[in-house]
Every structure is written in C-alpha cells, then in structure tokens.
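Engineer: The structure file target.txt (compact mmCIF, C-alpha atoms) is provided below.
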# COMPACT_ATOMS: atom_id res chain seq x y z
CA LYS R 24 19.74 -7.05 -74.55
CA TYR R 25 17.08 -9.06 -72.75
CA PHE R 26 18.64 -12.41 -73.77
CA LYS R 27 21.60 -12.06 -71.41
CA THR R 28 19.26 -11.83 -68.41
CA LEU R 29 17.93 -15.31 -69.25
CA ILE R 30 21.35 -16.99 -69.30
CA TRP R 31 20.61 -19.36 -66.38
CA GLU R 32 17.29 -20.43 -67.88
CA TYR R 33 19.13 -21.58 -71.00
CA VAL R 34 21.81 -23.38 -68.98
CA LEU R 35 19.31 -25.09 -66.68
CA ASP R 36 17.16 -26.18 -69.63
CA HIS R 37 20.14 -28.07 -71.04
CA ARG R 38 19.94 -31.68 -69.85
CA ILE R 39 23.64 -32.10 -68.99
CA LEU R 40 24.87 -28.54 -68.44
CA GLY R 41 22.08 -27.78 -66.01
CA GLN R 42 23.48 -30.38 -63.63
CA THR R 43 27.13 -29.39 -63.76
CA VAL R 44 27.57 -25.67 -64.47
CA GLU R 45 28.34 -23.46 -61.49
CA TYR R 46 29.50 -20.25 -63.20
CA VAL R 47 28.49 -18.48 -66.40
CA THR R 48 30.21 -15.58 -68.12
CA TYR R 49 28.20 -13.81 -70.77
CA LEU R 50 30.02 -11.60 -73.26
CA ASP R 51 28.48 -9.12 -75.65
CA LEU R 52 29.04 -9.80 -79.33
CA ASP R 53 31.70 -7.08 -79.56
CA ILE R 54 33.90 -8.67 -76.85
CA VAL R 55 36.40 -11.35 -77.90
CA VAL R 56 38.63 -13.55 -75.79
CA GLY R 57 42.24 -12.38 -75.90
CA MET R 58 44.07 -14.94 -73.75
CA GLU R 59 43.64 -18.04 -71.61
CA LEU R 60 40.82 -17.46 -69.12
CA THR R 61 41.89 -19.81 -66.33
CA PRO R 62 43.32 -16.97 -64.16
CA TYR R 63 40.13 -14.94 -64.70
CA PHE R 64 37.89 -17.81 -63.60
CA GLU R 65 40.15 -18.70 -60.66
CA GLU R 66 40.06 -15.12 -59.36
CA LEU R 67 36.29 -14.87 -59.72
CA SER R 68 35.80 -18.25 -58.07
CA GLU R 69 37.91 -17.11 -55.12
CA ARG R 70 35.91 -13.86 -54.85
CA ARG R 71 32.71 -15.88 -54.82
CA HIS R 72 34.01 -18.19 -52.09
CA LEU R 73 35.04 -15.19 -49.98
CA GLN R 74 31.58 -13.70 -50.40
CA HIS R 75 30.01 -17.00 -49.36
CA ARG R 76 32.21 -17.15 -46.24
CA GLU R 77 31.16 -13.60 -45.33
CA GLN R 78 27.50 -14.57 -45.65
CA LEU R 79 28.04 -17.62 -43.43
CA GLU R 80 29.85 -15.49 -40.84
CA LYS R 81 26.93 -13.04 -40.73
CA LEU R 82 24.56 -15.97 -40.22
CA ARG R 83 26.77 -17.35 -37.43
CA GLN R 84 26.79 -13.96 -35.71
CA LYS R 85 23.01 -13.72 -35.95
CA GLN R 86 22.60 -17.19 -34.45
CA GLN R 87 25.01 -16.25 -31.66
CA GLN R 88 22.95 -13.13 -30.90
CA GLN R 89 19.78 -15.23 -30.71
CA GLN R 90 21.43 -17.61 -28.28
CA GLN R 91 22.51 -14.69 -26.09
CA ILE R 92 18.96 -13.33 -26.13
CA GLN R 93 17.61 -16.73 -25.09
CA GLN R 94 20.15 -16.97 -22.26
CA PHE R 95 19.22 -13.50 -21.05
CA ARG R 96 15.53 -14.38 -21.11
CA GLN R 97 16.19 -17.53 -19.12
CA GLN R 98 18.16 -15.56 -16.52
CA GLN R 99 15.34 -13.03 -16.25
CA ASN R 100 12.69 -15.80 -16.00
CA HIS R 101 11.08 -14.70 -19.25
CA PRO R 102 9.44 -17.31 -21.45
CA VAL R 103 11.95 -18.70 -23.92
CA ASN R 104 10.98 -19.48 -27.47
CA GLN R 105 12.59 -22.87 -28.01
CA SER R 106 12.07 -22.78 -31.78
CA LEU R 107 14.36 -19.87 -32.58
CA GLU R 108 16.25 -21.75 -35.26
CA ASP R 109 17.29 -19.74 -38.25
CA PRO R 110 16.29 -21.10 -41.61
CA ALA R 111 19.12 -21.91 -43.99
CA PRO R 112 20.66 -18.71 -45.33
CA ILE R 113 19.29 -17.51 -48.62
CA PRO R 114 22.25 -16.66 -50.82
CA ILE R 115 22.38 -13.10 -52.03
CA SER R 116 21.94 -12.95 -55.78
CA THR R 117 25.08 -11.51 -57.36
CA ILE R 118 26.14 -10.22 -60.74
CA TYR R 119 29.79 -9.44 -61.35
CA PHE R 120 30.25 -7.01 -64.23
CA PHE R 121 33.03 -5.25 -66.09
CA GLY R 122 33.06 -1.62 -65.13
CA LYS R 123 33.67 0.66 -62.20
CA GLN R 124 31.66 0.89 -59.00
CA GLY R 125 28.75 3.19 -59.71
CA VAL R 126 29.19 2.74 -63.47
CA HIS R 127 27.51 -0.58 -63.94
CA TYR R 128 28.11 -3.03 -66.72
CA HIS R 129 30.23 -2.80 -69.79
CA GLY R 130 30.40 -5.74 -72.17
CA GLY R 131 30.07 -8.80 -69.98
CA ILE R 132 28.73 -10.32 -66.80
CA PHE R 133 29.77 -13.19 -64.57
CA THR R 134 27.13 -15.00 -62.55
CA THR R 135 27.35 -17.78 -60.01
CA SER R 136 24.90 -20.64 -59.79
CA PRO R 137 21.22 -20.29 -60.57
CA HIS R 138 20.50 -18.17 -57.50
CA SER R 139 21.86 -15.23 -59.51
CA THR R 140 18.54 -15.24 -61.33
CA HIS R 141 17.05 -12.76 -58.83
CA CYS R 142 19.47 -10.02 -59.92
CA LEU R 143 19.05 -11.04 -63.54
CA SER R 144 15.25 -10.78 -63.17
CA LEU R 145 15.55 -7.28 -61.72
CA TRP R 146 17.76 -6.33 -64.64
CA ALA R 147 15.35 -7.89 -67.14
CA SER R 148 12.38 -6.00 -65.73
CA GLU R 149 14.29 -2.73 -66.12
CA ILE R 150 15.23 -3.60 -69.72
CA ILE R 151 11.70 -4.46 -70.82
CA GLN R 152 9.87 -1.83 -68.81
CA ASN R 153 7.71 -0.11 -71.39
CA ASP R 154 4.99 1.51 -69.33
CA LEU R 155 7.06 4.61 -68.56
CA PRO R 156 7.14 7.67 -70.77
CA ARG R 157 9.74 7.31 -73.53
CA TYR R 158 12.27 9.63 -71.84
CA HIS R 159 12.22 7.45 -68.67
CA ARG R 160 12.64 4.10 -70.40
CA CYS R 161 15.92 2.26 -70.18
CA THR R 162 17.28 2.48 -73.68
CA SER R 163 20.28 0.29 -72.93
CA ASP R 164 21.23 -2.62 -70.74
CA GLN R 165 23.80 -0.35 -69.08
CA MET R 166 21.09 2.12 -68.06
CA ALA R 167 18.91 -0.74 -66.86
CA ILE R 168 21.53 -2.23 -64.58
CA ALA R 169 22.40 1.26 -63.33
CA ARG R 170 18.77 1.60 -62.26
CA VAL R 171 19.00 -1.72 -60.40
CA GLY R 172 22.15 -0.39 -58.73
CA LYS R 173 20.32 2.76 -57.65
CA ARG R 174 17.55 0.64 -56.09
CA ILE R 175 20.18 -1.35 -54.18
CA ASP R 176 21.99 1.80 -53.05
CA ALA R 177 18.70 3.30 -51.85
CA GLY R 178 17.99 0.20 -49.75
CA LEU R 179 14.96 -0.72 -51.84
CA GLU R 180 16.52 -4.04 -52.88
CA THR R 181 18.47 -6.20 -50.43
CA GLY R 182 18.54 -9.55 -52.22
CA CYS R 183 20.81 -8.45 -55.06
CA GLU R 184 24.42 -7.37 -55.17
CA LEU R 185 26.29 -5.85 -58.12
CA ILE R 186 30.07 -6.20 -57.96
CA ALA R 187 32.33 -4.29 -60.33
CA LEU R 188 35.27 -6.11 -61.87
CA ASP R 189 38.08 -3.72 -62.71
CA TRP R 190 37.46 -2.87 -66.36
CA GLY R 191 41.11 -1.97 -66.94
CA LYS R 192 42.32 -5.32 -65.64
CA TYR R 193 40.03 -7.48 -67.76
CA VAL R 194 38.92 -5.57 -70.87
CA VAL R 195 40.75 -3.37 -73.33
CA PHE R 196 39.65 -1.14 -76.19
CA PRO R 197 42.58 -1.81 -78.51
CA ASP R 198 44.34 1.14 -80.04
CA ARG R 199 47.61 1.48 -81.88
CA SER R 200 49.74 1.84 -78.73
CA ILE R 201 48.21 -1.28 -77.15
CA MET R 202 48.72 -3.23 -80.35
CA GLU R 203 52.35 -2.13 -80.59
CA THR R 204 53.19 -3.07 -76.99
CA GLY R 205 51.78 -6.57 -77.38
CA VAL R 206 50.06 -6.46 -73.97
CA VAL R 207 47.29 -9.05 -73.75
CA PHE R 208 44.01 -8.88 -71.86
CA PRO R 209 41.44 -11.57 -71.13
CA PHE R 210 38.84 -9.69 -73.17
CA ILE R 211 39.13 -7.28 -76.10
CA HIS R 212 36.33 -4.85 -76.95
CA VAL R 213 36.28 -4.58 -80.75
Mind turning the file's structure into structure tokens?

Structural biologist:
Amino acid sequence: KYFKTLIWEYVLDHRILGQTVEYVTYLDLDIVVGMELTPYFEELSERRHLQHREQLEKLRQKQQQQQQIQQFRQQQNHPVNQSLEDPAPIPISTIYFFGKQGVHYHGGIFTTSPHSTHCLSLWASEIIQNDLPRYHRCTSDQMAIARVGKRIDAGLETGCELIALDWGKYVVFPDRSIMETGVVFPFIHV
C-alpha cells in the first residue's frame, strides 16, 4: 500500500525517466489494461492543463488586486511598497483517482509531475500512521486517502487536491453481461 505513494521517488531516481516523465499512472495489481490508453492520457492531460490555466488566472487576479491597492495608496498619499511582487505560483499537488467524489480511490491513481509528491506524502503518512489506537488506524489505502480528503474538506490542508475520475467511465468489474456485450474499458478490475 505504501509503495504507490513513493511512485515519483522511483521515477526520479531513474537516470533517464526522471528527466522525461511528466505523468504517472499507478494501477493496483488487480487492475489490468483493457484497451488502448491514448484517449485516457489525452483526457487527463487536458484536465491537467485546464487546472494549470485556472491556477494562473487566480495568480493574475491576485496580482491585479495588488496593483489596484498600490494605485489606491498612491492616490491617498500612503507609502507604497514597491516590492509587492508575487513569487512564482506554487503548483497545487494533485492526485487523480478512480472513484466518486467523496469516495476516494479505487484501484489506481494518476499524478502529474513531481510536485504531486505533497499529496502522496500526506497519503503515505496516513497509511503508515501507527501511533493511534488500533480502531483509528487506516487499515487500507482507501481509508487513508479518505482521511486526506477530509482534511482538505475541513480546510486543514490547502496544498493538495484530490480529483475523482469517473469510475464507471474508466474501470469495470467484469460480469457475465459485460463479457457478453463486448464493451471495453480502459481498465478491468479482476
């Protein structure tokens, strides 16, 4: 369970991969690939780019507000802080997971670039947390990521975002009716 939270450490330790890999999808052992994954990766890449644009727009708005404050201070003859430059935006750490919003993680995760390690570290700490009484420990990776989600929802964690990927669109538990119809999915939970 803990291994999957270290996925970027393994990628970055690899001499060649660490320089070229931008996205990583981790699948549990009981998930197999059921079709070509190009559409899956294209959709996730587009979602990531949209998220990045939203972050840049928020930064632009913040900078615009600071400029308006400076202009107001100048008009009011208040001292103006000339060094009000924003540092470069820190990307929000993100984990995309198969599941439903509020029901975090089933079978696989998708992470983008090494800055996802913040979310992965939060998840890891919940998985290995052993100082709680037995009935409070996270006995599964699903419970652990749910606890991270609760911390985010409560406003206790602002540097991590968990995004649900529609389980029914990407992953199937095959049964007789699915097998008979011949419908294919990117991932099959066996």

Engineer: So, with only C-alpha atoms as the atoms that count, which of R:Pro197, R:Gly172, R:Gly205, R:Gly182 lies closest to Ile115 (chain R)?

Structural biologist: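 Nearest to Ile115 (chain R): R:Gly182.
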
Engineer: Mind pulling up the distance from CA of Phe133 (chain R) to CA of Asp164 (chain R)?

Structural biologist: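 CA of Phe133 (chain R) lies 14.9 Å from CA of Asp164 (chain R).
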
Engineer: I want to know what sits within 10 Å of Leu50 (chain R), based on all atoms listed in the file, with residues of the same chain fewer than 6 positions away left out; could you give that as a PyMOL selection string?

Structural biologist: chain R and resi 27+56+129-133+210+212

Engineer: Quick one, how far is CA of Ser116 (chain R) from CA of Asp51 (chain R)?

Structural biologist: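 Atom-to-atom, CA of Ser116 (chain R) and CA of Asp51 (chain R) are spaced 21.3 Å apart.
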
Engineer: In Å, rounded to a single decimal, give me how far CA of Val44 (chain R) is from CA of Cys142 (chain R).

Structural biologist: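 Computed distance, CA of Cys142 (chain R) to CA of Val44 (chain R), equals 18.2 Å.
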
Engineer: Report as a list in words all protein, DNA and RNA residues lying within 10 Å of Glu180 (chain R), evaluated on only C-alpha atoms, omitting residues in the same chain fewer than 5 positions from it.

Structural biologist: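 Once the adjacent positions are removed, what remains is Cys142, Leu145, Val171, Gly172, Lys173, Arg174 and Ile175 of chain R.
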
Engineer: Find, counting all atoms listed in the file, the residue in R:Ser144, R:Thr135, R:Val195, R:Leu188 that gets nearest to His72 (chain R).

Structural biologist: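 Checking each of R:Ser144, R:Thr135, R:Val195, R:Leu188 against His72 (chain R), counting all atoms listed in the file, the winner is R:Thr135.
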
Engineer: Could you name the residues that touch Ile30 (chain R) at 10 Å or less, counting all atoms listed in the file, but leaving out those on the same chain fewer than 4 positions away, as number ranges by chain?

Structural biologist: R: 25-26, 34-35, 47-49, 134, 137, 139-140, 143

Engineer: Each side padded by 5 Å, which centre and which edge lengths in Å (one decimal) define the axis-aligned box around the listed atoms of region 85-91 of chain R? Give them as lines of an AutoDock Vina configuration file.

Structural biologist:
center_x = 22.4
center_y = -15.4
center_z = -31.0
size_x = 15.2
size_y = 14.5
size_z = 19.9

Engineer: Please list as a PyMOL selection string every residue within 10 Å of Val213 (chain R), counting all atoms listed in the file and excluding residues in the same chain fewer than 6 positions away.

Structural biologist: chain R and resi 52-55+195-198

Engineer: Please write the residues from the selection above to a file, keeping C-alpha atoms, as a CSV table (one decimal), keeping the file's coordinate frame.

Structural biologist:
chain,number,residue,atom,x,y,z
R,52,LEU,CA,29.0,-9.8,-79.3
R,53,ASP,CA,31.7,-7.1,-79.6
R,54,ILE,CA,33.9,-8.7,-76.8
R,55,VAL,CA,36.4,-11.4,-77.9
R,195,VAL,CA,40.8,-3.4,-73.3
R,196,PHE,CA,39.6,-1.1,-76.2
R,197,PRO,CA,42.6,-1.8,-78.5
R,198,ASP,CA,44.3,1.1,-80.0

Engineer: Please complete region 90-101 of chain R with all heavy atoms and give it back as a PDB file, in the coordinates of the input.

Structural biologist:
ATOM      1  N   GLN R  90      21.117 -16.790 -29.448  1.00  0.00           N
ATOM      2  CA  GLN R  90      21.430 -17.610 -28.280  1.00  0.00           C
ATOM      3  C   GLN R  90      21.633 -16.733 -27.047  1.00  0.00           C
ATOM      4  O   GLN R  90      21.176 -17.074 -25.952  1.00  0.00           O
ATOM      5  CB  GLN R  90      22.685 -18.456 -28.530  1.00  0.00           C
ATOM      6  CG  GLN R  90      22.460 -19.585 -29.494  1.00  0.00           C
ATOM      7  CD  GLN R  90      23.761 -20.310 -29.838  1.00  0.00           C
ATOM      8  OE1 GLN R  90      24.844 -19.855 -29.509  1.00  0.00           O
ATOM      9  NE2 GLN R  90      23.619 -21.444 -30.520  1.00  0.00           N
ATOM     10  N   GLN R  91      22.304 -15.607 -27.199  1.00  0.00           N
ATOM     11  CA  GLN R  91      22.510 -14.690 -26.090  1.00  0.00           C
ATOM     12  C   GLN R  91      21.188 -14.125 -25.587  1.00  0.00           C
ATOM     13  O   GLN R  91      20.984 -13.982 -24.379  1.00  0.00           O
ATOM     14  CB  GLN R  91      23.466 -13.571 -26.488  1.00  0.00           C
ATOM     15  CG  GLN R  91      24.890 -14.031 -26.685  1.00  0.00           C
ATOM     16  CD  GLN R  91      25.780 -12.952 -27.282  1.00  0.00           C
ATOM     17  OE1 GLN R  91      25.309 -11.930 -27.783  1.00  0.00           O
ATOM     18  NE2 GLN R  91      27.094 -13.185 -27.231  1.00  0.00           N
ATOM     19  N   ILE R  92      20.288 -13.825 -26.509  1.00  0.00           N
ATOM     20  CA  ILE R  92      18.960 -13.330 -26.130  1.00  0.00           C
ATOM     21  C   ILE R  92      18.214 -14.399 -25.332  1.00  0.00           C
ATOM     22  O   ILE R  92      17.594 -14.111 -24.300  1.00  0.00           O
ATOM     23  CB  ILE R  92      18.161 -12.881 -27.367  1.00  0.00           C
ATOM     24  CG1 ILE R  92      18.779 -11.609 -27.950  1.00  0.00           C
ATOM     25  CG2 ILE R  92      16.689 -12.674 -27.035  1.00  0.00           C
ATOM     26  CD1 ILE R  92      18.237 -11.218 -29.301  1.00  0.00           C
ATOM     27  N   GLN R  93      18.277 -15.639 -25.811  1.00  0.00           N
ATOM     28  CA  GLN R  93      17.610 -16.730 -25.090  1.00  0.00           C
ATOM     29  C   GLN R  93      18.192 -16.898 -23.686  1.00  0.00           C
ATOM     30  O   GLN R  93      17.448 -17.081 -22.722  1.00  0.00           O
ATOM     31  CB  GLN R  93      17.726 -18.046 -25.858  1.00  0.00           C
ATOM     32  CG  GLN R  93      16.762 -18.157 -26.994  1.00  0.00           C
ATOM     33  CD  GLN R  93      16.785 -19.543 -27.623  1.00  0.00           C
ATOM     34  OE1 GLN R  93      17.761 -20.265 -27.510  1.00  0.00           O
ATOM     35  NE2 GLN R  93      15.704 -19.885 -28.284  1.00  0.00           N
ATOM     36  N   GLN R  94      19.520 -16.833 -23.575  1.00  0.00           N
ATOM     37  CA  GLN R  94      20.150 -16.970 -22.260  1.00  0.00           C
ATOM     38  C   GLN R  94      19.725 -15.846 -21.334  1.00  0.00           C
ATOM     39  O   GLN R  94      19.435 -16.071 -20.155  1.00  0.00           O
ATOM     40  CB  GLN R  94      21.682 -16.999 -22.400  1.00  0.00           C
ATOM     41  CG  GLN R  94      22.204 -18.270 -23.018  1.00  0.00           C
ATOM     42  CD  GLN R  94      23.696 -18.190 -23.321  1.00  0.00           C
ATOM     43  OE1 GLN R  94      24.321 -17.133 -23.214  1.00  0.00           O
ATOM     44  NE2 GLN R  94      24.267 -19.322 -23.720  1.00  0.00           N
ATOM     45  N   PHE R  95      19.666 -14.641 -21.853  1.00  0.00           N
ATOM     46  CA  PHE R  95      19.220 -13.500 -21.050  1.00  0.00           C
ATOM     47  C   PHE R  95      17.785 -13.697 -20.584  1.00  0.00           C
ATOM     48  O   PHE R  95      17.458 -13.453 -19.427  1.00  0.00           O
ATOM     49  CB  PHE R  95      19.356 -12.203 -21.853  1.00  0.00           C
ATOM     50  CG  PHE R  95      18.825 -10.996 -21.136  1.00  0.00           C
ATOM     51  CD1 PHE R  95      19.577 -10.393 -20.138  1.00  0.00           C
ATOM     52  CD2 PHE R  95      17.575 -10.472 -21.448  1.00  0.00           C
ATOM     53  CE1 PHE R  95      19.088  -9.286 -19.460  1.00  0.00           C
ATOM     54  CE2 PHE R  95      17.082  -9.370 -20.790  1.00  0.00           C
ATOM     55  CZ  PHE R  95      17.841  -8.774 -19.784  1.00  0.00           C
ATOM     56  N   ARG R  96      16.929 -14.154 -21.476  1.00  0.00           N
ATOM     57  CA  ARG R  96      15.530 -14.380 -21.110  1.00  0.00           C
ATOM     58  C   ARG R  96      15.408 -15.443 -20.025  1.00  0.00           C
ATOM     59  O   ARG R  96      14.598 -15.323 -19.115  1.00  0.00           O
ATOM     60  CB  ARG R  96      14.714 -14.779 -22.341  1.00  0.00           C
ATOM     61  CG  ARG R  96      14.439 -13.627 -23.275  1.00  0.00           C
ATOM     62  CD  ARG R  96      13.613 -14.072 -24.451  1.00  0.00           C
ATOM     63  NE  ARG R  96      13.295 -12.946 -25.317  1.00  0.00           N
ATOM     64  CZ  ARG R  96      12.774 -13.066 -26.514  1.00  0.00           C
ATOM     65  NH1 ARG R  96      12.503 -14.268 -27.005  1.00  0.00           N
ATOM     66  NH2 ARG R  96      12.508 -11.999 -27.230  1.00  0.00           N
ATOM     67  N   GLN R  97      16.215 -16.478 -20.131  1.00  0.00           N
ATOM     68  CA  GLN R  97      16.190 -17.530 -19.120  1.00  0.00           C
ATOM     69  C   GLN R  97      16.626 -16.971 -17.767  1.00  0.00           C
ATOM     70  O   GLN R  97      16.021 -17.275 -16.740  1.00  0.00           O
ATOM     71  CB  GLN R  97      17.110 -18.693 -19.511  1.00  0.00           C
ATOM     72  CG  GLN R  97      16.550 -19.564 -20.599  1.00  0.00           C
ATOM     73  CD  GLN R  97      17.541 -20.627 -21.058  1.00  0.00           C
ATOM     74  OE1 GLN R  97      18.749 -20.473 -20.879  1.00  0.00           O
ATOM     75  NE2 GLN R  97      17.025 -21.680 -21.664  1.00  0.00           N
ATOM     76  N   GLN R  98      17.675 -16.151 -17.758  1.00  0.00           N
ATOM     77  CA  GLN R  98      18.160 -15.560 -16.520  1.00  0.00           C
ATOM     78  C   GLN R  98      17.139 -14.623 -15.903  1.00  0.00           C
ATOM     79  O   GLN R  98      17.058 -14.483 -14.694  1.00  0.00           O
ATOM     80  CB  GLN R  98      19.472 -14.813 -16.767  1.00  0.00           C
ATOM     81  CG  GLN R  98      20.635 -15.712 -17.112  1.00  0.00           C
ATOM     82  CD  GLN R  98      21.847 -14.925 -17.582  1.00  0.00           C
ATOM     83  OE1 GLN R  98      21.791 -13.708 -17.792  1.00  0.00           O
ATOM     84  NE2 GLN R  98      22.962 -15.637 -17.764  1.00  0.00           N
ATOM     85  N   GLN R  99      16.345 -13.982 -16.724  1.00  0.00           N
ATOM     86  CA  GLN R  99      15.340 -13.030 -16.250  1.00  0.00           C
ATOM     87  C   GLN R  99      13.978 -13.693 -16.018  1.00  0.00           C
ATOM     88  O   GLN R  99      13.001 -13.013 -15.739  1.00  0.00           O
ATOM     89  CB  GLN R  99      15.179 -11.886 -17.261  1.00  0.00           C
ATOM     90  CG  GLN R  99      16.446 -11.122 -17.541  1.00  0.00           C
ATOM     91  CD  GLN R  99      17.004 -10.446 -16.303  1.00  0.00           C
ATOM     92  OE1 GLN R  99      16.259  -9.873 -15.516  1.00  0.00           O
ATOM     93  NE2 GLN R  99      18.310 -10.534 -16.106  1.00  0.00           N
ATOM     94  N   ASN R 100      13.929 -15.024 -16.149  1.00  0.00           N
ATOM     95  CA  ASN R 100      12.690 -15.800 -16.000  1.00  0.00           C
ATOM     96  C   ASN R 100      11.601 -15.398 -16.987  1.00  0.00           C
ATOM     97  O   ASN R 100      10.422 -15.445 -16.682  1.00  0.00           O
ATOM     98  CB  ASN R 100      12.158 -15.701 -14.562  1.00  0.00           C
ATOM     99  CG  ASN R 100      13.083 -16.380 -13.595  1.00  0.00           C
ATOM    100  OD1 ASN R 100      13.690 -17.400 -13.925  1.00  0.00           O
ATOM    101  ND2 ASN R 100      13.219 -15.807 -12.412  1.00  0.00           N
ATOM    102  N   HIS R 101      12.030 -14.975 -18.178  1.00  0.00           N
ATOM    103  CA  HIS R 101      11.080 -14.700 -19.250  1.00  0.00           C
ATOM    104  C   HIS R 101      10.846 -15.994 -20.018  1.00  0.00           C
ATOM    105  O   HIS R 101      11.720 -16.854 -20.094  1.00  0.00           O
ATOM    106  CB  HIS R 101      11.631 -13.642 -20.222  1.00  0.00           C
ATOM    107  CG  HIS R 101      11.663 -12.262 -19.643  1.00  0.00           C
ATOM    108  ND1 HIS R 101      10.537 -11.516 -19.463  1.00  0.00           N
ATOM    109  CD2 HIS R 101      12.708 -11.513 -19.194  1.00  0.00           C
ATOM    110  CE1 HIS R 101      10.869 -10.350 -18.939  1.00  0.00           C
ATOM    111  NE2 HIS R 101      12.181 -10.329 -18.759  1.00  0.00           N
TER     112      HIS R 101
END
